[in-house]
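What follows is the content of run-v7.txt (compact mmCIF, C-alpha atoms (C1' of nucleotides)).
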# COMPACT_ATOMS: atom_id res chain seq x y z
CA MET A 1253 121.12 -51.70 -13.77
CA ASN A 1254 123.33 -53.38 -11.27
CA ARG A 1255 126.98 -52.62 -11.85
CA THR A 1256 128.64 -54.16 -8.84
CA GLY A 1257 127.80 -57.67 -7.81
CA THR A 1258 124.05 -57.82 -8.43
CA PRO A 1259 122.41 -57.55 -5.01
CA HIS A 1260 119.34 -59.45 -6.32
CA PRO A 1261 120.84 -62.09 -8.59
CA HIS A 1262 117.77 -64.31 -8.61
CA GLN A 1263 115.02 -61.79 -9.28
CA GLU A 1264 114.74 -62.67 -12.93
CA GLU A 1265 114.52 -66.33 -12.06
CA TRP A 1266 111.90 -65.67 -9.43
CA LEU A 1267 109.70 -63.95 -11.97
CA ARG A 1268 109.87 -67.07 -14.09
CA LEU A 1269 109.05 -69.27 -11.10
CA ASP A 1270 106.21 -66.97 -10.16
CA ARG A 1271 104.77 -67.43 -13.60
CA GLN A 1272 104.88 -71.17 -13.04
CA ILE A 1273 103.33 -71.32 -9.61
CA CYS A 1274 100.68 -68.69 -10.37
CA PHE A 1275 99.72 -70.50 -13.46
CA SER A 1276 99.68 -73.91 -11.76
CA LEU A 1277 97.32 -72.88 -9.01
CA HIS A 1278 95.10 -70.87 -11.30
CA ALA A 1279 94.94 -73.69 -13.83
CA ALA A 1280 94.32 -76.35 -11.19
CA ALA A 1281 91.43 -74.40 -9.73
CA ARG A 1282 89.88 -73.93 -13.16
CA ALA A 1283 90.46 -77.54 -14.18
CA PHE A 1284 88.78 -78.71 -10.98
CA ASN A 1285 85.95 -76.33 -11.61
CA GLY A 1286 85.61 -77.67 -15.13
CA VAL A 1287 85.33 -81.31 -14.07
CA TYR A 1288 82.78 -80.44 -11.40
CA ARG A 1289 80.90 -78.37 -13.94
CA VAL A 1290 80.44 -81.41 -16.17
CA ILE A 1291 79.46 -83.75 -13.34
CA LEU A 1292 77.20 -81.25 -11.59
CA LYS A 1293 75.35 -80.44 -14.78
CA ASP A 1294 73.21 -83.51 -14.14
CA LEU A 1295 72.17 -82.04 -10.80
CA GLY A 1296 71.56 -78.58 -12.24
CA LEU A 1297 74.14 -77.05 -9.90
CA THR A 1298 77.21 -74.89 -10.42
CA TYR A 1299 80.31 -75.61 -8.38
CA PRO A 1300 79.75 -72.80 -5.85
CA GLN A 1301 76.10 -73.81 -5.58
CA TYR A 1302 77.23 -77.37 -4.85
CA LEU A 1303 79.47 -76.06 -2.07
CA VAL A 1304 76.49 -74.28 -0.53
CA MET A 1305 74.34 -77.40 -0.80
CA LEU A 1306 77.09 -79.52 0.81
CA VAL A 1307 77.08 -77.21 3.82
CA LEU A 1308 73.29 -77.23 4.05
CA TRP A 1309 73.12 -81.03 3.75
CA GLU A 1310 75.65 -81.32 6.55
CA GLN A 1311 74.56 -78.49 8.83
CA GLY A 1312 70.86 -77.99 8.14
CA THR A 1313 69.22 -74.59 8.33
CA LEU A 1314 71.51 -71.71 9.17
CA PRO A 1315 71.69 -67.94 8.64
CA VAL A 1316 73.43 -66.42 5.61
CA LYS A 1317 76.11 -65.08 7.91
CA LYS A 1318 77.07 -68.56 9.18
CA LEU A 1319 76.94 -69.97 5.68
CA GLY A 1320 79.36 -67.27 4.62
CA GLU A 1321 81.73 -68.13 7.45
CA HIS A 1322 81.77 -71.80 6.45
CA LEU A 1323 82.56 -70.89 2.85
CA ARG A 1324 84.52 -67.66 3.35
CA LEU A 1325 82.05 -65.86 1.11
CA ASP A 1326 80.26 -62.59 1.76
CA SER A 1327 76.67 -61.57 1.16
CA GLY A 1328 77.64 -59.92 -2.09
CA THR A 1329 78.35 -63.37 -3.49
CA LEU A 1330 75.82 -65.39 -1.50
CA SER A 1331 72.72 -63.26 -1.88
CA PRO A 1332 72.31 -63.66 -5.64
CA LEU A 1333 73.52 -67.27 -5.51
CA LEU A 1334 70.91 -68.15 -2.86
CA LYS A 1335 68.24 -66.41 -4.87
CA ARG A 1336 69.06 -68.66 -7.80
CA LEU A 1337 68.93 -71.75 -5.57
CA GLU A 1338 65.59 -70.51 -4.28
CA SER A 1339 64.28 -70.03 -7.82
CA ALA A 1340 65.41 -73.57 -8.56
CA GLY A 1341 63.27 -74.71 -5.62
CA LEU A 1342 66.19 -76.16 -3.66
CA VAL A 1343 66.35 -73.80 -0.69
CA ARG A 1344 64.01 -71.67 1.35
CA ARG A 1345 64.97 -68.25 2.73
CA GLU A 1346 63.11 -66.56 5.55
CA ARG A 1347 63.76 -63.74 7.96
CA SER A 1348 64.56 -64.90 11.45
CA ALA A 1349 61.80 -64.11 13.93
CA ARG A 1350 64.28 -63.58 16.74
CA ASP A 1351 66.53 -61.24 14.75
CA GLU A 1352 64.92 -59.50 11.81
CA ARG A 1353 68.33 -58.67 10.31
CA SER A 1354 69.12 -62.31 9.81
CA VAL A 1355 67.86 -64.59 7.03
CA GLU A 1356 67.68 -68.32 7.70
CA VAL A 1357 68.53 -70.55 4.76
CA GLY A 1358 67.14 -74.07 4.78
CA LEU A 1359 66.51 -76.94 2.40
CA THR A 1360 63.22 -77.58 0.66
CA GLU A 1361 62.02 -81.17 0.23
CA GLU A 1362 63.49 -81.09 -3.23
CA GLY A 1363 66.79 -79.71 -1.99
CA ALA A 1364 67.07 -82.39 0.67
CA ALA A 1365 66.18 -85.07 -1.86
CA LEU A 1366 68.93 -83.91 -4.20
CA ARG A 1367 71.44 -85.19 -1.67
CA GLU A 1368 70.73 -88.76 -2.75
CA ARG A 1369 71.76 -87.97 -6.28
CA ALA A 1370 74.81 -86.05 -5.07
CA LEU A 1371 76.19 -89.05 -3.23
CA GLU A 1372 77.88 -90.34 -6.35
CA VAL A 1373 79.62 -87.05 -7.17
CA PRO A 1374 82.72 -87.60 -4.99
CA ARG A 1375 83.33 -91.04 -6.46
CA ARG A 1376 83.14 -89.65 -9.98
CA ILE A 1377 85.51 -86.82 -9.06
CA ALA A 1378 87.94 -89.22 -7.41
CA SER A 1379 87.98 -91.37 -10.52
CA ALA A 1380 88.50 -88.26 -12.64
CA THR A 1381 91.57 -87.21 -10.65
CA GLY A 1382 92.94 -90.73 -10.46
CA PHE A 1383 94.30 -89.79 -7.04
CA GLU A 1384 94.14 -91.99 -3.98
CA VAL A 1385 92.29 -90.76 -0.91
CA ASP A 1386 95.59 -90.36 0.94
CA GLU A 1387 97.04 -88.21 -1.83
CA ILE A 1388 93.94 -86.05 -1.88
CA ASN A 1389 94.08 -85.61 1.87
CA ASP A 1390 97.76 -84.75 1.75
CA LEU A 1391 97.17 -82.17 -0.95
CA ARG A 1392 94.28 -80.78 1.06
CA THR A 1393 96.46 -80.40 4.13
CA ARG A 1394 99.07 -78.47 2.15
CA LEU A 1395 96.47 -76.26 0.53
CA ASP A 1396 94.93 -75.49 3.91
CA ALA A 1397 98.33 -74.56 5.29
CA LEU A 1398 98.89 -72.32 2.30
CA THR A 1399 95.49 -70.70 2.73
CA SER A 1400 96.12 -70.07 6.42
CA ALA A 1401 99.47 -68.46 5.68
CA LEU A 1402 97.98 -66.33 2.93
CA ASP A 1403 95.02 -65.24 5.07
CA ALA A 1404 97.36 -64.30 7.90
CA ALA A 1405 99.56 -62.34 5.51
CA ALA A 1406 96.54 -60.59 4.02
CA LEU A 1407 95.37 -59.52 7.45
CA SER A 1408 98.77 -58.16 8.39
CA GLY A 1409 98.69 -56.03 5.25
CA ALA A 1410 100.38 -58.43 2.81
CA MET B 1403 67.59 -97.57 2.08
CA ASN B 1404 70.08 -100.34 2.39
CA ARG B 1405 68.83 -103.28 4.37
CA THR B 1406 71.44 -105.90 3.70
CA GLY B 1407 75.06 -105.05 4.16
CA THR B 1408 75.23 -101.53 2.68
CA PRO B 1409 76.81 -101.87 -0.78
CA HIS B 1410 78.15 -98.29 -0.52
CA PRO B 1411 79.20 -97.98 3.09
CA HIS B 1412 81.44 -94.96 2.58
CA GLN B 1413 79.30 -92.71 0.43
CA GLU B 1414 78.21 -90.49 3.30
CA GLU B 1415 81.81 -90.11 4.38
CA TRP B 1416 82.89 -89.29 0.84
CA LEU B 1417 80.40 -86.48 0.66
CA ARG B 1418 81.96 -85.00 3.78
CA LEU B 1419 85.46 -85.41 2.36
CA ASP B 1420 84.36 -83.87 -0.89
CA ARG B 1421 83.14 -80.85 1.02
CA GLN B 1422 86.60 -80.56 2.54
CA ILE B 1423 88.68 -80.93 -0.59
CA CYS B 1424 86.39 -78.75 -2.70
CA PHE B 1425 86.46 -76.10 -0.11
CA SER B 1426 90.23 -76.31 0.37
CA LEU B 1427 91.07 -75.86 -3.27
CA HIS B 1428 88.47 -73.19 -3.82
CA ALA B 1429 89.59 -71.31 -0.71
CA ALA B 1430 93.28 -71.63 -1.58
CA ALA B 1431 92.73 -70.24 -5.04
CA ARG B 1432 90.77 -67.30 -3.67
CA ALA B 1433 93.25 -66.65 -0.86
CA PHE B 1434 96.09 -66.61 -3.38
CA ASN B 1435 94.09 -64.32 -5.58
CA GLY B 1436 93.47 -62.02 -2.62
CA VAL B 1437 97.15 -61.68 -1.70
CA TYR B 1438 98.09 -61.02 -5.31
CA ARG B 1439 95.26 -58.50 -5.52
CA VAL B 1440 96.77 -56.47 -2.68
CA ILE B 1441 100.32 -56.66 -4.02
CA LEU B 1442 99.37 -56.04 -7.64
CA LYS B 1443 97.28 -53.02 -6.75
CA ASP B 1444 100.51 -50.99 -6.77
CA LEU B 1445 101.09 -52.03 -10.38
CA GLY B 1446 97.49 -51.39 -11.39
CA LEU B 1447 97.04 -55.01 -12.46
CA THR B 1448 94.56 -57.73 -11.60
CA TYR B 1449 95.80 -61.27 -11.08
CA PRO B 1450 94.78 -62.54 -14.54
CA GLN B 1451 96.25 -59.40 -16.11
CA TYR B 1452 99.51 -60.10 -14.27
CA LEU B 1453 99.53 -63.63 -15.71
CA VAL B 1454 99.19 -62.16 -19.20
CA MET B 1455 101.97 -59.67 -18.56
CA LEU B 1456 104.25 -62.43 -17.24
CA VAL B 1457 103.83 -64.33 -20.49
CA LEU B 1458 104.46 -61.22 -22.58
CA TRP B 1459 107.56 -60.27 -20.58
CA GLU B 1460 108.90 -63.76 -21.10
CA GLN B 1461 107.80 -64.47 -24.68
CA GLY B 1462 107.49 -61.08 -26.33
CA THR B 1463 104.89 -60.35 -29.01
CA LEU B 1464 102.56 -63.22 -29.83
CA PRO B 1465 99.06 -63.78 -31.22
CA VAL B 1466 96.01 -64.00 -28.97
CA LYS B 1467 95.72 -67.68 -29.85
CA LYS B 1468 99.22 -68.50 -28.53
CA LEU B 1469 98.63 -66.39 -25.45
CA GLY B 1470 95.49 -68.38 -24.80
CA GLU B 1471 97.37 -71.67 -25.15
CA HIS B 1472 99.97 -70.57 -22.61
CA LEU B 1473 97.26 -69.60 -20.13
CA ARG B 1474 94.54 -72.08 -21.09
CA LEU B 1475 92.18 -69.18 -21.69
CA ASP B 1476 89.95 -68.56 -24.68
CA SER B 1477 89.23 -65.38 -26.61
CA GLY B 1478 86.02 -64.85 -24.66
CA THR B 1479 88.16 -64.17 -21.60
CA LEU B 1480 91.20 -62.68 -23.28
CA SER B 1481 89.59 -60.21 -25.68
CA PRO B 1482 88.06 -57.91 -23.04
CA LEU B 1483 91.06 -58.37 -20.72
CA LEU B 1484 93.47 -57.33 -23.49
CA LYS B 1485 91.29 -54.35 -24.32
CA ARG B 1486 91.63 -53.20 -20.72
CA LEU B 1487 95.41 -53.67 -20.82
CA GLU B 1488 95.43 -51.69 -24.06
CA SER B 1489 93.38 -48.91 -22.48
CA ALA B 1490 95.88 -48.88 -19.63
CA GLY B 1491 98.61 -48.32 -22.21
CA LEU B 1492 100.49 -51.53 -21.38
CA VAL B 1493 99.95 -53.56 -24.54
CA ARG B 1494 99.46 -52.96 -28.24
CA ARG B 1495 97.15 -55.05 -30.42
CA GLU B 1496 97.35 -55.20 -34.16
CA ARG B 1497 96.10 -57.45 -36.92
CA SER B 1498 98.76 -59.65 -38.37
CA ALA B 1499 99.67 -58.70 -41.93
CA ARG B 1500 100.37 -62.29 -42.86
CA ASP B 1501 97.10 -63.62 -41.49
CA GLU B 1502 94.30 -61.12 -41.12
CA ARG B 1503 92.43 -63.42 -38.74
CA SER B 1504 95.18 -63.17 -36.16
CA VAL B 1505 95.87 -60.30 -33.74
CA GLU B 1506 99.41 -59.82 -32.48
CA VAL B 1507 99.70 -58.69 -28.86
CA GLY B 1508 102.88 -56.90 -27.83
CA LEU B 1509 104.19 -54.68 -25.05
CA THR B 1510 104.28 -50.91 -25.20
CA GLU B 1511 107.26 -49.04 -23.75
CA GLU B 1512 105.23 -48.59 -20.59
CA GLY B 1513 104.29 -52.25 -20.47
CA ALA B 1514 107.90 -53.34 -20.86
CA ALA B 1515 108.99 -50.87 -18.19
CA LEU B 1516 106.46 -52.23 -15.72
CA ARG B 1517 108.53 -55.41 -15.57
CA GLU B 1518 111.11 -53.63 -13.42
CA ARG B 1519 108.50 -52.89 -10.78
CA ALA B 1520 107.10 -56.42 -11.03
CA LEU B 1521 110.43 -57.99 -10.12
CA GLU B 1522 109.71 -57.64 -6.43
CA VAL B 1523 106.28 -59.29 -6.59
CA PRO B 1524 107.47 -62.92 -6.27
CA ARG B 1525 109.56 -62.09 -3.21
CA ARG B 1526 106.60 -60.43 -1.53
CA ILE B 1527 104.38 -63.39 -2.37
CA ALA B 1528 106.94 -65.85 -1.07
CA SER B 1529 107.19 -63.97 2.19
CA ALA B 1530 103.40 -63.87 2.41
CA THR B 1531 103.13 -67.64 2.06
CA GLY B 1532 106.03 -68.32 4.38
CA PHE B 1533 106.83 -71.34 2.22
CA GLU B 1534 110.29 -72.34 1.10
CA VAL B 1535 111.04 -72.50 -2.61
CA ASP B 1536 111.24 -76.29 -2.42
CA GLU B 1537 107.83 -76.52 -0.82
CA ILE B 1538 106.34 -74.25 -3.45
CA ASN B 1539 107.87 -76.30 -6.21
CA ASP B 1540 106.63 -79.52 -4.69
CA LEU B 1541 103.12 -78.14 -4.37
CA ARG B 1542 103.31 -76.90 -7.94
CA THR B 1543 104.30 -80.34 -9.19
CA ARG B 1544 101.33 -81.92 -7.42
CA LEU B 1545 98.95 -79.29 -8.72
CA ASP B 1546 100.21 -79.80 -12.27
CA ALA B 1547 99.70 -83.55 -11.93
CA LEU B 1548 96.19 -82.93 -10.67
CA THR B 1549 95.46 -80.54 -13.53
CA SER B 1550 96.74 -83.02 -16.10
CA ALA B 1551 94.57 -85.77 -14.65
CA LEU B 1552 91.54 -83.50 -14.56
CA ASP B 1553 92.06 -82.26 -18.11
CA ALA B 1554 92.45 -85.81 -19.37
CA ALA B 1555 89.28 -86.83 -17.55
CA ALA B 1556 87.41 -83.84 -18.93
CA LEU B 1557 88.41 -84.72 -22.46
CA SER B 1558 87.33 -88.34 -22.07
CA GLY B 1559 83.90 -87.10 -21.00
CA ALA B 1560 84.42 -86.87 -17.22
C1' DC C 1124 89.43 -71.30 -59.60
C1' DA C 1125 85.41 -72.35 -56.44
C1' DC C 1126 83.33 -73.73 -52.47
C1' DG C 1127 82.80 -75.89 -48.10
C1' DA C 1128 85.32 -76.73 -43.73
C1' DT C 1129 88.29 -74.76 -40.48
C1' DT C 1130 90.61 -71.18 -37.83
C1' DC C 1131 90.66 -67.02 -35.29
C1' DA C 1132 89.07 -62.95 -32.68
C1' DG C 1133 85.31 -60.94 -30.90
C1' DT C 1134 80.40 -60.61 -28.81
C1' DT C 1135 76.62 -62.01 -25.83
C1' DG C 1136 74.71 -63.96 -21.83
C1' DT C 1137 75.16 -66.30 -17.29
C1' DG C 1138 77.33 -66.89 -13.04
C1' DC C 1139 80.96 -66.07 -9.42
C1' DA C 1140 84.21 -62.89 -6.48
C1' DC C 1141 84.78 -58.89 -4.23
C1' DA C 1142 84.87 -53.85 -2.97
C1' DA C 1143 82.02 -50.21 -1.65
C1' DC C 1144 77.88 -48.90 -0.41
C1' DT C 1145 72.75 -48.81 1.48
C1' DA C 1146 69.11 -49.82 4.67
C1' DA C 1147 67.08 -51.93 8.42
C1' DA C 1148 67.42 -54.04 12.97
C1' DT C 1149 69.86 -54.59 17.19
C1' DG C 1150 72.61 -53.56 21.26
C1' DG C 1151 75.10 -50.71 24.42
C1' DC C 1152 75.86 -46.59 26.95
C1' DG C 1153 74.89 -42.30 28.90
C1' DC D 1171 64.46 -43.90 27.41
C1' DG D 1172 67.23 -41.99 23.40
C1' DC D 1173 70.89 -42.07 20.42
C1' DC D 1174 74.73 -43.90 18.09
C1' DA D 1175 77.82 -47.75 16.80
C1' DT D 1176 77.49 -52.33 15.14
C1' DT D 1177 75.59 -56.19 12.76
C1' DT D 1178 73.28 -58.29 8.85
C1' DA D 1179 71.47 -58.77 4.01
C1' DG D 1180 71.16 -56.88 0.00
C1' DT D 1181 72.58 -53.79 -4.14
C1' DT D 1182 75.76 -51.87 -7.51
C1' DG D 1183 79.69 -51.88 -10.32
C1' DT D 1184 83.95 -54.07 -12.13
C1' DG D 1185 86.37 -57.92 -13.69
C1' DC D 1186 87.10 -62.93 -14.77
C1' DA D 1187 85.48 -67.73 -16.74
C1' DC D 1188 83.16 -70.06 -20.01
C1' DA D 1189 79.52 -71.66 -23.34
C1' DA D 1190 77.46 -70.53 -27.51
C1' DC D 1191 77.48 -67.90 -31.22
C1' DT D 1192 78.99 -64.48 -35.23
C1' DG D 1193 81.76 -62.98 -38.96
C1' DA D 1194 85.82 -62.65 -41.45
C1' DA D 1195 89.95 -64.84 -43.33
C1' DT D 1196 92.23 -68.90 -44.72
C1' DC D 1197 92.90 -73.57 -46.28
C1' DG D 1198 92.04 -77.84 -48.74
C1' DT D 1199 90.14 -80.42 -52.24
C1' DG D 1200 87.93 -81.17 -56.28

Would you mind writing the file out in structure tokens?
Amino acid sequence: MNRTGTPHPHQEEWLRLDRQICFSLHAAARAFNGVYRVILKDLGLTYPQYLVMLVLWEQGTLPVKKLGEHLRLDSGTLSPLLKRLESAGLVRRERSARDERSVEVGLTEEGAALRERALEVPRRIASATGFEVDEINDLRTRLDALTSALDAAALSGA
Amino acid sequence: MNRTGTPHPHQEEWLRLDRQICFSLHAAARAFNGVYRVILKDLGLTYPQYLVMLVLWEQGTLPVKKLGEHLRLDSGTLSPLLKRLESAGLVRRERSARDERSVEVGLTEEGAALRERALEVPRRIASATGFEVDEINDLRTRLDALTSALDAAALSGA
DNA sequence: CACGATTCAGTTGTGCACAACTAAATGGCG
DNA sequence: CGCCATTTAGTTGTGCACAACTGAATCGTG
């Protein structure tokens, strides 16, 4: 399809590389998820639920909107997830008195207490990865840069 | 809770770091997914469907089992996904004659032809990330190392 | 050959991600 | 004040991930 001099000589190669990088990121995310799944089972939390609890432990009560900003998740994901955490007795949801549109999400006694048991999770994860703190932080920095670039590209219409 | 000399002085800090690394990886995976979603919309593929097509373009016809090994996905994920690709007219599924348990997945004419249009995807992704090929490859290597460590840990019981 | 263990695809049920939408409350502007 | 645009949660529908299971085919061993 390219009689004279192949204007895109590396396209085939790029498709192969794309397969590799796509797969790597996808697999890494799922592998991470899998290890957390095992460790979090003891706490009765899924990985996304753990992320929500981490924010609540750190920030205290805050509206769904703010929670979504911290986690880059919208109400379509958070609403059912928070309902499940509420059913589990870990969080409390109540309409804000000042702004009836808003719902404040806070910890119950039980939810706050769960933090004690969660303290050992990071150590177990670190030992599972076998990575040093510096390596983890370096990887995190690169991933954040990647995410920023991707978000910017998505906004500008890919 | 720790009157004499705090045997775990860094646990609180680790919980904060865990929030950061969890969030970074989770966000990166979703941001990547989002950019691919936009670009793949033209091809009528989702990101996981694109991964399947990449394998088929590279490897040709192969059983569901092998496909799953390449992608680390099981039949619970692949079966419905492949049905959708079949409905879209991109792949063909048929029971192996040699082994009636196995289902061979292959490309249709249309599926094979789609490869031409997919050739530009990696370039668009690369420009979206703004990363150089070397950087991508370096990141990929680290992610693969992480995945290997996590898989090994998962097998040994976390 | 027979029969129990294994392999393979598919199904079911739960949970997350996200787009598109609804409904209620709020805020701004004429 | 009255009305409309915006903000905020929530709902609906589609698709993926994975655990647990089913059922059919195959294999191994006696």

_Counting only C-alpha atoms (C1' of nucleotides), chain B residues within 12 Å of chain D, as a PyMOL selection string_ = chain B and resi 1435+1447-1451+1474-1483+1486+1497-1504

Determine, for each residue of chain C having at least one atom at most 7 Å from an atom of chain B, the closest pair of atoms and their separation in Å to one decimal, counting only C-alpha atoms (C1' of nucleotides); order by chain and ascending number, as a tab-separated table.
residue	atom	partner	partner_atom	distance
C:DC1131	C1'	B:Arg1503	CA	5.3
C:DA1132	C1'	B:Ser1477	CA	6.5
C:DG1133	C1'	B:Ser1481	CA	6.8

Interface rows for chain A against chain B: nearest pair, Å to one decimal, 7 Å, only C-alpha atoms, as JSON lines:
{"residue": "A:Gln1263", "atom": "CA", "partner": "B:Leu1521", "partner_atom": "CA", "distance": 6.0}
{"residue": "A:Glu1264", "atom": "CA", "partner": "B:Leu1521", "partner_atom": "CA", "distance": 7.0}
{"residue": "A:Trp1266", "atom": "CA", "partner": "B:Pro1524", "partner_atom": "CA", "distance": 6.1}
{"residue": "A:Leu1267", "atom": "CA", "partner": "B:Pro1524", "partner_atom": "CA", "distance": 6.2}
{"residue": "A:Asp1270", "atom": "CA", "partner": "B:Pro1524", "partner_atom": "CA", "distance": 5.8}
{"residue": "A:Arg1271", "atom": "CA", "partner": "B:Leu1456", "partner_atom": "CA", "distance": 6.2}
{"residue": "A:Ile1273", "atom": "CA", "partner": "B:Arg1542", "partner_atom": "CA", "distance": 5.8}
{"residue": "A:Ser1276", "atom": "CA", "partner": "B:Asp1546", "partner_atom": "CA", "distance": 5.9}
{"residue": "A:Leu1277", "atom": "CA", "partner": "B:Ala1431", "partner_atom": "CA", "distance": 6.6}
{"residue": "A:His1278", "atom": "CA", "partner": "B:Ala1431", "partner_atom": "CA", "distance": 6.7}
{"residue": "A:Ala1279", "atom": "CA", "partner": "B:Thr1549", "partner_atom": "CA", "distance": 6.9}
{"residue": "A:Ala1280", "atom": "CA", "partner": "B:Thr1549", "partner_atom": "CA", "distance": 4.9}
{"residue": "A:Ala1281", "atom": "CA", "partner": "B:Ala1431", "partner_atom": "CA", "distance": 6.4}
{"residue": "A:Ala1283", "atom": "CA", "partner": "B:Thr1549", "partner_atom": "CA", "distance": 5.9}
{"residue": "A:Phe1284", "atom": "CA", "partner": "B:Leu1552", "partner_atom": "CA", "distance": 6.6}
{"residue": "A:Val1287", "atom": "CA", "partner": "B:Ala1556", "partner_atom": "CA", "distance": 5.9}
{"residue": "A:Val1290", "atom": "CA", "partner": "B:Ala1560", "partner_atom": "CA", "distance": 6.8}
{"residue": "A:Leu1303", "atom": "CA", "partner": "B:Arg1421", "partner_atom": "CA", "distance": 6.8}
{"residue": "A:Leu1306", "atom": "CA", "partner": "B:Arg1421", "partner_atom": "CA", "distance": 6.2}
{"residue": "A:Leu1371", "atom": "CA", "partner": "B:Gln1413", "partner_atom": "CA", "distance": 6.0}
{"residue": "A:Pro1374", "atom": "CA", "partner": "B:Asp1420", "partner_atom": "CA", "distance": 5.8}
{"residue": "A:Ala1380", "atom": "CA", "partner": "B:Ala1555", "partner_atom": "CA", "distance": 5.2}
{"residue": "A:Thr1381", "atom": "CA", "partner": "B:Ala1551", "partner_atom": "CA", "distance": 5.2}
{"residue": "A:Gly1382", "atom": "CA", "partner": "B:Ala1551", "partner_atom": "CA", "distance": 6.7}
{"residue": "A:Arg1392", "atom": "CA", "partner": "B:Ile1423", "partner_atom": "CA", "distance": 5.8}
{"residue": "A:Leu1395", "atom": "CA", "partner": "B:Ala1430", "partner_atom": "CA", "distance": 6.0}
{"residue": "A:Asp1396", "atom": "CA", "partner": "B:Ser1426", "partner_atom": "CA", "distance": 5.9}
{"residue": "A:Leu1398", "atom": "CA", "partner": "B:Thr1531", "partner_atom": "CA", "distance": 6.3}
{"residue": "A:Thr1399", "atom": "CA", "partner": "B:Ala1430", "partner_atom": "CA", "distance": 4.9}
{"residue": "A:Ala1401", "atom": "CA", "partner": "B:Thr1531", "partner_atom": "CA", "distance": 5.2}
{"residue": "A:Leu1402", "atom": "CA", "partner": "B:Thr1531", "partner_atom": "CA", "distance": 5.4}
{"residue": "A:Asp1403", "atom": "CA", "partner": "B:Ala1433", "partner_atom": "CA", "distance": 6.3}
{"residue": "A:Ala1405", "atom": "CA", "partner": "B:Ala1530", "partner_atom": "CA", "distance": 5.2}
{"residue": "A:Ala1406", "atom": "CA", "partner": "B:Val1437", "partner_atom": "CA", "distance": 5.9}
{"residue": "A:Ala1410", "atom": "CA", "partner": "B:Ala1530", "partner_atom": "CA", "distance": 6.2}

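The coordinates place atom C1' of C:DG1138 at 26.7 Å from atom CA of B:Ala1490.
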
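Computed from the coordinates, the atom CA of B:Gly1446 to atom C1' of C:DT1134 distance equals 26.1 Å.
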
*What separation in Å, quoted to one decimal, exists between atom CA of A:Gly1320 and atom C1' of C:DA1140?*
12.9 Å

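Across A:Gln1311, A:Gly1363, A:Asp1386, A:Leu1292, the tightest approach to A:Arg1344 is made by A:Gly1363 when counting only C-alpha atoms.
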
Please return the centre and edge lengths, in Å to one decimal, of a box with edges along x, y and z that contains all listed atoms of stretch 1520-1539 of chain B, widened by 3 Å on every side, as AutoDock Vina command-line options.
--center_x 107.2 --center_y -66.5 --center_z -3.3 --size_x 14.1 --size_y 26.1 --size_z 21.4

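If only C-alpha atoms are the atoms counted, then among A:Glu1321, A:Arg1369, A:Asp1390, A:Leu1314 the closest residue to A:Arg1345 is A:Leu1314.
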